[in-house]
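K.L.:
target-v8.cif is reproduced below (mmCIF, C-alpha atoms).
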data_protein
loop_
_atom_site.label_atom_id
_atom_site.label_comp_id
_atom_site.auth_asym_id
_atom_site.auth_seq_id
_atom_site.Cartn_x
_atom_site.Cartn_y
_atom_site.Cartn_z
CA MET A 13 -4.05 -31.28 -11.79
CA LYS A 14 -4.72 -28.20 -9.66
CA THR A 15 -8.11 -26.55 -9.83
CA VAL A 16 -7.81 -23.06 -11.28
CA MET A 17 -8.75 -20.49 -8.64
CA THR A 18 -10.14 -17.01 -9.01
CA ALA A 19 -7.94 -14.15 -7.86
CA MET A 20 -10.11 -13.79 -4.76
CA GLN A 21 -9.75 -17.47 -3.87
CA ARG A 22 -6.00 -17.34 -4.50
CA VAL A 23 -5.49 -14.34 -2.24
CA GLU A 24 -7.75 -15.77 0.47
CA ALA A 25 -5.64 -18.94 0.43
CA ALA A 26 -2.42 -16.92 0.81
CA LEU A 27 -3.84 -14.91 3.70
CA SER A 28 -4.95 -18.17 5.35
CA HIS A 29 -1.46 -19.66 4.89
CA ARG A 30 -2.72 -22.28 2.44
CA ALA A 31 -1.16 -23.11 -0.89
CA GLY A 32 -3.28 -22.13 -3.87
CA ASP A 33 -3.06 -23.07 -7.52
CA ARG A 34 -0.13 -20.63 -7.80
CA VAL A 35 1.43 -17.76 -5.89
CA PRO A 36 -0.80 -14.68 -6.11
CA PHE A 37 0.83 -11.53 -7.43
CA PHE A 38 -0.13 -7.89 -7.16
CA LEU A 39 0.86 -5.32 -9.77
CA LEU A 40 0.11 -2.17 -7.80
CA PHE A 41 -0.69 0.27 -10.56
CA THR A 42 -1.61 3.86 -9.89
CA MET A 43 -0.40 5.70 -13.01
CA HIS A 44 -0.24 3.11 -15.79
CA GLY A 45 -4.02 3.24 -16.10
CA ALA A 46 -3.63 6.70 -17.61
CA GLN A 47 -1.40 5.22 -20.30
CA VAL A 48 -3.84 2.50 -21.31
CA THR A 49 -6.86 4.83 -21.29
CA GLY A 50 -5.10 7.66 -23.13
CA CYS A 51 -5.61 10.21 -20.34
CA SER A 52 -3.25 12.75 -18.86
CA LEU A 53 -2.42 11.92 -15.25
CA ARG A 54 -4.28 15.00 -14.02
CA ASP A 55 -7.45 14.05 -15.91
CA TYR A 56 -7.13 10.41 -14.94
CA PHE A 57 -6.91 11.10 -11.22
CA HIS A 58 -9.93 13.40 -11.37
CA ASP A 59 -12.28 10.82 -12.89
CA ALA A 60 -13.28 7.65 -11.03
CA ALA A 61 -14.70 6.08 -14.20
CA SER A 62 -11.36 6.46 -16.01
CA MET A 63 -9.45 5.03 -13.06
CA ALA A 64 -11.80 2.04 -12.88
CA GLU A 65 -11.44 1.44 -16.61
CA GLY A 66 -7.65 1.64 -16.30
CA GLN A 67 -7.58 -0.89 -13.47
CA ARG A 68 -9.78 -3.32 -15.40
CA LEU A 69 -7.75 -3.01 -18.61
CA LEU A 70 -4.51 -3.61 -16.74
CA GLN A 71 -5.88 -6.57 -14.80
CA ARG A 72 -7.19 -8.07 -18.01
CA ARG A 73 -3.79 -7.72 -19.69
CA PHE A 74 -1.56 -8.97 -16.87
CA GLY A 75 -3.86 -11.28 -14.95
CA HIS A 76 -2.63 -10.06 -11.58
CA ASP A 77 -4.68 -10.77 -8.50
CA CYS A 78 -6.10 -7.41 -7.42
CA HIS A 79 -7.58 -4.10 -8.43
CA TYR A 80 -5.66 -1.29 -6.72
CA ALA A 81 -7.90 1.53 -5.54
CA PHE A 82 -5.08 3.80 -4.37
CA THR A 83 -5.14 7.12 -6.18
CA TYR A 84 -2.35 9.28 -4.71
CA ALA A 85 -1.10 9.98 -1.19
CA ALA A 86 -1.71 13.71 -1.40
CA ALA A 87 -5.44 13.03 -1.76
CA GLU A 88 -5.59 12.66 2.02
CA MET A 89 -3.93 16.06 2.41
CA GLU A 90 -6.57 17.61 0.17
CA ALA A 91 -9.11 16.53 2.77
CA TRP A 92 -7.12 18.49 5.37
CA GLY A 93 -7.06 21.59 3.16
CA GLY A 94 -3.82 20.91 1.30
CA GLU A 95 -2.96 21.36 -2.36
CA THR A 96 -1.73 18.69 -4.78
CA LEU A 97 0.85 19.27 -7.50
CA PHE A 98 0.30 17.21 -10.65
CA VAL A 99 3.05 16.37 -13.13
CA ASP A 100 2.97 14.68 -16.52
CA ASP A 101 5.13 11.64 -15.78
CA GLY A 102 5.06 10.85 -12.09
CA PRO A 103 2.91 10.64 -8.96
CA PRO A 104 1.09 13.72 -7.68
CA VAL A 105 2.71 15.24 -4.59
CA SER A 106 1.62 17.44 -1.71
CA ALA A 107 2.46 21.10 -1.90
CA ALA A 108 3.11 23.05 1.31
CA PRO A 109 2.34 21.33 4.66
CA VAL A 110 -1.18 22.01 5.91
CA LEU A 111 0.00 22.78 9.45
CA ARG A 112 2.23 25.85 9.62
CA SER A 113 3.00 25.67 13.34
CA TRP A 114 2.87 23.22 16.23
CA GLU A 115 0.28 25.43 17.94
CA GLU A 116 -2.30 24.59 15.27
CA ILE A 117 -2.34 21.02 16.57
CA ASP A 118 -4.02 22.21 19.78
CA SER A 119 -7.32 22.97 18.00
CA LEU A 120 -7.03 20.44 15.16
CA ALA A 121 -10.05 18.29 14.29
CA PRO A 122 -10.42 15.51 11.68
CA PRO A 123 -11.83 16.68 8.33
CA ARG A 124 -15.19 15.43 7.08
CA LEU A 125 -14.88 12.76 4.39
CA ALA A 126 -18.02 14.06 2.70
CA ASP A 127 -16.35 17.44 2.13
CA SER A 128 -13.39 15.98 0.22
CA PRO A 129 -13.84 15.46 -3.56
CA ALA A 130 -10.57 13.51 -3.74
CA LEU A 131 -11.60 10.98 -1.10
CA GLN A 132 -15.12 10.71 -2.51
CA ARG A 133 -13.60 9.87 -5.91
CA ALA A 134 -11.56 7.11 -4.27
CA LEU A 135 -14.71 5.68 -2.68
CA ASP A 136 -16.47 5.87 -6.04
CA LEU A 137 -13.52 4.01 -7.61
CA ILE A 138 -13.76 1.24 -5.01
CA ALA A 139 -17.49 0.86 -5.61
CA ARG A 140 -16.95 0.63 -9.37
CA LEU A 141 -14.27 -2.05 -8.97
CA GLN A 142 -16.22 -4.39 -6.69
CA SER A 143 -16.14 -7.97 -7.93
CA PRO A 144 -16.64 -11.40 -6.38
CA ASP A 145 -13.60 -12.67 -8.28
CA VAL A 146 -10.92 -9.95 -7.91
CA PRO A 147 -9.96 -8.34 -4.58
CA VAL A 148 -10.04 -4.55 -4.34
CA VAL A 149 -7.13 -3.15 -2.34
CA GLY A 150 -7.45 0.31 -0.84
CA VAL A 151 -4.92 2.43 1.03
CA VAL A 152 -4.82 4.49 4.19
CA MET A 153 -1.88 6.48 5.55
CA SER A 154 -1.04 5.54 9.10
CA PRO A 155 -1.70 8.18 11.78
CA PHE A 156 2.00 7.94 12.67
CA SER A 157 3.28 8.64 9.14
CA LEU A 158 0.62 11.12 7.99
CA PRO A 159 2.37 14.07 9.74
CA ILE A 160 5.17 13.91 7.17
CA MET A 161 2.68 15.60 4.82
CA GLN A 162 0.85 17.54 7.53
CA LEU A 163 3.97 19.19 8.97
CA GLY A 164 6.91 18.36 6.71
CA PHE A 165 9.59 15.79 7.54
CA GLU A 166 11.98 17.87 9.68
CA THR A 167 9.24 19.65 11.64
CA TYR A 168 7.51 16.35 12.39
CA LEU A 169 10.69 14.72 13.68
CA GLN A 170 11.26 17.73 15.92
CA LEU A 171 7.71 17.39 17.24
CA LEU A 172 8.26 13.69 17.87
CA TYR A 173 11.31 14.36 20.04
CA GLU A 174 10.51 17.74 21.58
CA GLN A 175 6.71 18.05 21.94
CA PRO A 176 5.35 14.79 23.38
CA GLU A 177 2.00 16.26 24.47
CA ARG A 178 1.30 17.80 21.07
CA PHE A 179 2.44 14.57 19.42
CA GLU A 180 -0.18 12.68 21.44
CA GLN A 181 -2.86 15.19 20.49
CA LEU A 182 -1.96 14.88 16.82
CA MET A 183 -2.11 11.11 17.07
CA ARG A 184 -5.57 11.22 18.67
CA VAL A 185 -6.90 13.32 15.80
CA ASN A 186 -5.11 11.29 13.13
CA ILE A 187 -6.30 7.97 14.54
CA GLU A 188 -9.92 9.10 14.34
CA PHE A 189 -9.45 10.24 10.75
CA CYS A 190 -7.60 7.05 9.77
CA VAL A 191 -10.27 4.79 11.28
CA GLU A 192 -13.13 6.67 9.62
CA TRP A 193 -11.37 6.81 6.23
CA ALA A 194 -10.33 3.14 6.34
CA ASN A 195 -13.78 1.91 7.33
CA ALA A 196 -15.41 4.08 4.66
CA GLN A 197 -13.27 2.21 2.11
CA PHE A 198 -14.34 -1.15 3.51
CA ALA A 199 -17.98 -0.03 3.43
CA ALA A 200 -17.55 1.02 -0.23
CA GLY A 201 -16.37 -2.49 -1.11
CA ALA A 202 -12.62 -2.71 -0.43
CA THR A 203 -11.49 -6.27 0.28
CA ALA A 204 -8.33 -5.24 2.15
CA LEU A 205 -6.25 -2.14 2.85
CA CYS A 206 -2.60 -1.20 2.78
CA TYR A 207 -1.69 0.65 5.97
CA PHE A 208 1.25 2.76 4.79
CA ASP A 209 3.61 3.48 7.67
CA PRO A 210 7.13 4.26 6.41
CA VAL A 211 8.09 6.27 9.52
CA ALA A 212 7.80 3.01 11.49
CA SER A 213 10.91 1.67 9.80
CA PRO A 214 14.15 1.65 11.81
CA ALA A 215 15.65 3.30 8.73
CA ILE A 216 13.77 6.45 9.87
CA VAL A 217 13.26 6.23 13.66
CA PRO A 218 15.01 4.01 16.21
CA ARG A 219 13.08 0.93 17.27
CA ASP A 220 12.79 2.02 20.90
CA LEU A 221 11.18 5.29 19.83
CA TYR A 222 8.85 3.46 17.45
CA LEU A 223 7.72 1.15 20.25
CA ARG A 224 6.81 4.17 22.40
CA THR A 225 5.00 5.95 19.58
CA GLY A 226 4.08 4.45 16.21
CA HIS A 227 3.72 0.91 17.51
CA ARG A 228 1.27 2.07 20.16
CA VAL A 229 -0.61 3.99 17.48
CA ALA A 230 -0.85 0.91 15.22
CA CYS A 231 -2.04 -1.26 18.11
CA ALA A 232 -4.75 1.32 18.86
CA THR A 233 -5.79 1.72 15.22
CA LEU A 234 -5.74 -1.63 13.44
CA PRO A 235 -8.19 -3.49 15.72
CA ARG A 236 -10.79 -0.80 14.93
CA LEU A 237 -10.67 -1.42 11.17
CA HIS A 238 -13.39 -3.54 9.59
CA GLY A 239 -11.26 -5.78 7.40
CA PRO A 240 -7.79 -7.21 6.78
CA VAL A 241 -4.83 -4.86 6.63
CA ALA A 242 -1.33 -5.19 5.17
CA THR A 243 1.25 -3.01 6.91
CA HIS A 244 3.48 -1.44 4.29
CA LEU A 245 6.63 0.55 5.04
CA ALA A 246 6.93 1.78 1.42
CA SER A 247 10.12 -0.20 0.65
CA ALA A 248 11.86 0.69 3.94
CA ARG A 249 13.42 -2.01 6.16
CA THR A 250 11.05 -4.21 8.14
CA LEU A 251 13.22 -7.01 9.50
CA PRO A 252 14.28 -5.36 12.81
CA ILE A 253 10.63 -4.71 13.78
CA LEU A 254 8.95 -7.71 12.17
CA ASP A 255 8.08 -9.30 15.52
CA ASP A 256 6.68 -5.96 16.69
CA LEU A 257 4.49 -5.62 13.61
CA ALA A 258 3.16 -9.12 14.15
CA VAL A 259 1.33 -8.08 17.32
CA THR A 260 -0.37 -4.96 15.92
CA GLY A 261 -3.25 -6.91 14.37
CA THR A 262 -1.90 -6.75 10.82
CA THR A 263 -2.77 -9.57 8.43
CA ALA A 264 0.21 -9.05 6.15
CA VAL A 265 3.52 -7.17 6.04
CA ALA A 266 5.34 -5.87 2.98
CA ALA A 267 9.05 -6.67 2.79
CA GLY A 268 11.55 -3.85 2.44
CA ASN A 269 13.48 -3.36 -0.75
CA GLY A 270 16.38 -5.79 -1.00
CA GLU A 271 15.65 -7.54 2.31
CA ASP A 272 16.34 -11.24 2.76
CA LEU A 273 13.08 -12.88 1.76
CA VAL A 274 14.10 -16.26 3.14
CA GLU A 275 14.71 -14.80 6.61
CA LEU A 276 11.52 -12.74 6.47
CA ARG A 277 9.52 -15.83 5.48
CA ARG A 278 11.02 -17.78 8.38
CA ILE A 279 9.79 -15.17 10.87
CA ALA A 280 6.43 -14.60 9.17
CA ARG A 281 5.45 -18.23 8.64
CA GLY A 282 2.06 -18.98 10.16
CA ARG A 283 1.80 -15.52 11.75
CA PHE A 284 1.13 -13.17 8.86
CA THR A 285 1.37 -13.15 5.09
CA LEU A 286 4.48 -11.66 3.54
CA VAL A 287 4.19 -9.34 0.53
CA GLY A 288 7.10 -8.46 -1.76
CA ASN A 289 9.77 -8.01 -2.91
CA LEU A 290 10.28 -6.80 -6.47
CA SER A 291 12.22 -3.54 -6.76
CA GLY A 292 10.07 -0.93 -8.47
CA VAL A 293 13.05 1.36 -9.09
CA ASP A 294 15.12 -1.41 -10.67
CA MET A 295 12.17 -2.39 -12.87
CA THR A 296 12.56 0.85 -14.81
CA TRP A 297 15.72 -0.44 -16.51
CA TRP A 298 15.18 -4.20 -16.42
CA THR A 299 15.01 -6.14 -19.63
CA PRO A 300 12.19 -8.70 -19.88
CA GLU A 301 14.81 -11.40 -19.28
CA GLN A 302 15.96 -9.73 -16.06
CA ALA A 303 12.35 -9.36 -14.95
CA ARG A 304 11.82 -13.08 -15.45
CA ALA A 305 14.97 -13.97 -13.51
CA GLU A 306 14.10 -11.69 -10.57
CA THR A 307 10.55 -13.03 -10.46
CA ARG A 308 11.72 -16.63 -10.61
CA ASP A 309 14.16 -16.02 -7.75
CA LEU A 310 11.53 -14.46 -5.48
CA LEU A 311 9.00 -17.17 -6.23
CA ALA A 312 11.57 -19.78 -5.25
CA LYS A 313 12.32 -17.98 -1.98
CA GLY A 314 8.80 -16.99 -0.99
CA GLY A 315 6.22 -19.08 -2.74
CA GLY A 316 4.62 -22.47 -2.89
CA THR A 317 3.27 -23.01 0.61
CA GLY A 318 0.87 -20.12 1.15
CA GLY A 319 1.46 -16.99 3.18
CA PHE A 320 3.18 -15.12 0.35
CA ILE A 321 2.05 -12.59 -2.27
CA LEU A 322 4.49 -11.39 -4.91
CA ALA A 323 4.43 -7.60 -5.39
CA ASP A 324 6.74 -4.62 -5.68
CA SER A 325 8.32 -3.44 -2.46
CA HIS A 326 7.14 0.19 -2.59
CA GLY A 327 3.41 -0.15 -3.13
CA GLU A 328 3.33 1.76 -6.40
CA ILE A 329 4.87 0.76 -9.71
CA PRO A 330 6.80 3.73 -11.16
CA PHE A 331 5.32 5.39 -14.23
CA HIS A 332 8.36 4.63 -16.38
CA VAL A 333 8.38 0.86 -15.89
CA PRO A 334 7.78 -0.56 -19.40
CA LEU A 335 4.67 -2.65 -19.92
CA GLU A 336 6.85 -5.32 -21.57
CA VAL A 337 8.74 -5.78 -18.29
CA LEU A 338 5.46 -6.25 -16.45
CA ASP A 339 4.34 -8.72 -19.14
CA ALA A 340 7.47 -10.75 -18.38
CA ILE A 341 6.77 -10.76 -14.63
CA ALA A 342 3.19 -11.88 -15.20
CA ASP A 343 4.24 -14.58 -17.65
CA GLU A 344 6.87 -15.93 -15.26
CA VAL A 345 4.28 -16.24 -12.49
CA ARG A 346 1.98 -18.16 -14.79
CA CYS A 347 4.84 -20.41 -15.95
CA SER A 348 5.64 -21.25 -12.30
CA VAL A 349 2.46 -23.35 -12.16
CA HIS A 350 4.01 -25.90 -14.49
CA ARG A 351 7.35 -26.30 -12.72
#
Is it possible to give me this structure as structure tokens?
P.N.:
Amino acid sequence: MKTVMTAMQRVEAALSHRAGDRVPFFLLFTMHGAQVTGCSLRDYFHDAASMAEGQRLLQRRFGHDCHYAFTYAAAEMEAWGGETLFVDDGPPVSAAPVLRSWEEIDSLAPPRLADSPALQRALDLIARLQSPDVPVVGVVMSPFSLPIMQLGFETYLQLLYEQPERFEQLMRVNIEFCVEWANAQFAAGATALCYFDPVASPAIVPRDLYLRTGHRVACATLPRLHGPVATHLASARTLPILDDLAVTGTTAVAAGNGEDLVELRRIARGRFTLVGNLSGVDMTWWTPEQARAETRDLLAKGGGTGGFILADSHGEIPFHVPLEVLDAIADEVRCSVHR
């Protein structure tokens, strides 16, 4: 009979490519905590104590193997002087880009973490969630993908192709901010971080361009971080650049939505841990029976030998996913122990 592990032990085994008592699974909640604490999303995201309570209540109910200390992506833009738009039933989003012209890059400097209430709340949340038994997972936007919010998508892609010197300057500034923000989260008690880098996906930029830009940025950034990192492309395709990601210093890689988990596992085995591959969008209309079937299929393809963590493919479970569907996923993982 297998010894029952703590969530921390289970995740450490997966990251070390060892089989644990079962496959670890992450339910990456950002908004559901507001539901279980009875808060509006705006109030919830402005109070570290409420967010910590929400994470604990959810982990107690579902038994998943982490506390997720991600608040919302636009929090980083608030540090740069941006504004966040809050809605009642979805994730907060950035308002207008903080950089109105390419010329502003020339004098750009990283913001001070201490001056950002949003980032200080996230650090407070991490400190409140510290536990020897449950990993705390934080999030940092990659320097290469952050300009989507700094400049807007179209303007950033134009910069990438047409202004190589300003692109390099922006990357220098963003790398310094990313390193400081990531290491502040580790110092606050984060066990590991998601390094969100969707622009790295060949679904957005060609691989040869990525190798000249975002790949260089990742290789310059990840070795400076003070803990393990999972590279996450926010459900975008990873397979064509999986070998490239393996040499950046990442500990884990999140599979893209709908990608072939068997093929990804073949490439990842012994090199990095694979995370995935439940579809957060599809979860919104799954029945509990469908949730069980999808979970069972992914466990069969990815689990059992270490080096795999079951999670959604986007890095954030949508607000409208029913709790009963998530109950079914959690129950199926627990039932897998006895098969």
K.L.:
When you look at segment 108-110 of chain A with a cut-off of 6 Å (counting all atoms listed in the file), what residues show up, excluding the ones that are within fewer than 3 positions of it in the same chain? I need them as a ChimeraX atom specification.
P.N.:
/A:94,161-164
K.L.:
Mind dumping a table of every segment 206-316 of chain A residue within 8 Å of segment 329-348 of chain A, with the nearest atom pair and its distance in Å to one decimal, using only C-alpha atoms, sorted by chain and rising number, as CSV?
P.N.:
residue,atom,partner,partner_atom,distance
A:Gly292,CA,A:Ile329,CA,5.6
A:Val293,CA,A:Pro330,CA,7.0
A:Met295,CA,A:Val333,CA,5.8
A:Thr296,CA,A:Val333,CA,4.3
A:Trp297,CA,A:Val333,CA,7.5
A:Trp298,CA,A:Val337,CA,6.9
A:Thr299,CA,A:Val337,CA,6.4
A:Pro300,CA,A:Val337,CA,4.8
A:Glu301,CA,A:Ala340,CA,7.4
A:Ala303,CA,A:Ile341,CA,5.8
A:Arg304,CA,A:Ile341,CA,5.6
A:Thr307,CA,A:Ile341,CA,6.1
A:Arg308,CA,A:Glu344,CA,6.8
A:Leu311,CA,A:Val345,CA,7.9
K.L.:
For segment 52-130 of chain A versus segment 187-208 of chain A, which residues have an atom no more than 9 Å away, and what is each residue's nearest atom pair and distance in Å rounded to one decimal, using all atoms listed in the file, chain-then-number order, as JSON lines?
P.N.:
{"residue": "A:Ala81", "atom": "CA", "partner": "A:Ala202", "partner_atom": "CA", "distance": 8.1}
{"residue": "A:Ala121", "atom": "CA", "partner": "A:Phe189", "partner_atom": "CA", "distance": 8.8}
{"residue": "A:Pro122", "atom": "CA", "partner": "A:Phe189", "partner_atom": "CA", "distance": 5.4}
{"residue": "A:Pro123", "atom": "CA", "partner": "A:Phe189", "partner_atom": "CA", "distance": 7.3}
{"residue": "A:Arg124", "atom": "CA", "partner": "A:Phe189", "partner_atom": "CA", "distance": 8.6}
{"residue": "A:Leu125", "atom": "CA", "partner": "A:Trp193", "partner_atom": "CA", "distance": 7.1}
K.L.:
For this file, the PyMOL selection byres ((chain A and resi 287) around 10) selects which residues, as a list in words?
P.N.:
Pro36, Phe37, Phe38, Ala242, Thr243, His244, Ala264, Val265, Ala266, Ala267, Gly268, Leu273, Arg277, Phe284, Thr285, Leu286, Gly288, Asn289, Leu290, Gly314, Gly319, Phe320, Ile321, Leu322, Ala323, Asp324, Ser325 and Gly327 of chain A
K.L.:
Quick one: of A:Ala312, A:Leu237, A:Met63, A:Val35, who's nearest to Gly50 of chain A, counting all atoms listed in the file?
P.N.:
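The answer is A:Met63, which sits nearest to Gly50 of chain A.
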K.L.:
Just the residues within 12 Å of Val99 of chain A, please, counting all atoms listed in the file, with nothing from its chain fewer than 4 positions along; format it as a ChimeraX atom specification.
P.N.:
/A:43,52-57,103-106,331
K.L.:
With only C-alpha atoms as the counted atoms, please give the residues lying no more than 12 Å from Arg72 of chain A, apart from itself and same-chain residues fewer than 6 positions off, as a list in words.
P.N.:
Ala19, Leu39, Gly45, Val48, Glu65, Gly66, Cys78, His79, Val146, Asp339 and Ala342 of chain A
K.L.:
To test your reading of the syntax: which residues would the PyMOL selection byres ((chain A and resi 249) around 8) return for the file shown? Reply as a list of chain:residue names.
P.N.:
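Selection result, ordered by chain and number: A:Ser213, A:Pro214, A:Ala215, A:Leu245, A:Ser247, A:Ala248, A:Thr250, A:Leu251, A:Pro252, A:Ala267, A:Gly268, A:Asn269, A:Glu271.
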K.L.:
Just write the chosen residues, C-alpha atoms, as a PDB file, in the coordinates of the input.
P.N.:
ATOM      1  CA  SER A 213      10.910   1.670   9.800  1.00  0.00           C
ATOM      2  CA  PRO A 214      14.150   1.650  11.810  1.00  0.00           C
ATOM      3  CA  ALA A 215      15.650   3.300   8.730  1.00  0.00           C
ATOM      4  CA  LEU A 245       6.630   0.550   5.040  1.00  0.00           C
ATOM      5  CA  SER A 247      10.120  -0.200   0.650  1.00  0.00           C
ATOM      6  CA  ALA A 248      11.860   0.690   3.940  1.00  0.00           C
ATOM      7  CA  THR A 250      11.050  -4.210   8.140  1.00  0.00           C
ATOM      8  CA  LEU A 251      13.220  -7.010   9.500  1.00  0.00           C
ATOM      9  CA  PRO A 252      14.280  -5.360  12.810  1.00  0.00           C
ATOM     10  CA  ALA A 267       9.050  -6.670   2.790  1.00  0.00           C
ATOM     11  CA  GLY A 268      11.550  -3.850   2.440  1.00  0.00           C
ATOM     12  CA  ASN A 269      13.480  -3.360  -0.750  1.00  0.00           C
ATOM     13  CA  GLU A 271      15.650  -7.540   2.310  1.00  0.00           C
TER      14      GLU A 271
END
K.L.:
Taking only C-alpha atoms into account, which of A:Val149, A:Leu182, A:Val217, A:Ala134 comes nearest Ser119 of chain A?
P.N.:
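Going through A:Val149, A:Leu182, A:Val217, A:Ala134 one by one, the smallest distance to Ser119 of chain A is for A:Leu182.
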K.L.:
Return the single residue from A:Asp127, A:Asp59, A:Glu180, A:Glu166 that is closest to Glu90 of chain A, with distances computed using only C-alpha atoms.
P.N.:
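So, comparing all the options, the nearest one is A:Asp127.
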K.L.:
Quick one: pull the distance between atom CA of Gln21 of chain A and atom CA of Met153 of chain A, Å, one decimal.
P.N.:
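So the two atoms, atom CA of Gln21 of chain A and atom CA of Met153 of chain A, lie 26.9 Å apart.
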K.L.:
Of the residues A:Leu257, A:His58, A:Gly75, A:Ala64, which is the one nearest to Phe98 of chain A, using all atoms listed in the file?
P.N.:
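Selected residue with least distance to Phe98 of chain A: A:His58.
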K.L.:
What is the distance, in Å and to one decimal place, between atom CA of Ala130 of chain A and atom CA of Thr263 of chain A?
P.N.:
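Spanning atom CA of Ala130 of chain A to atom CA of Thr263 of chain A is a straight-line distance of 27.2 Å.
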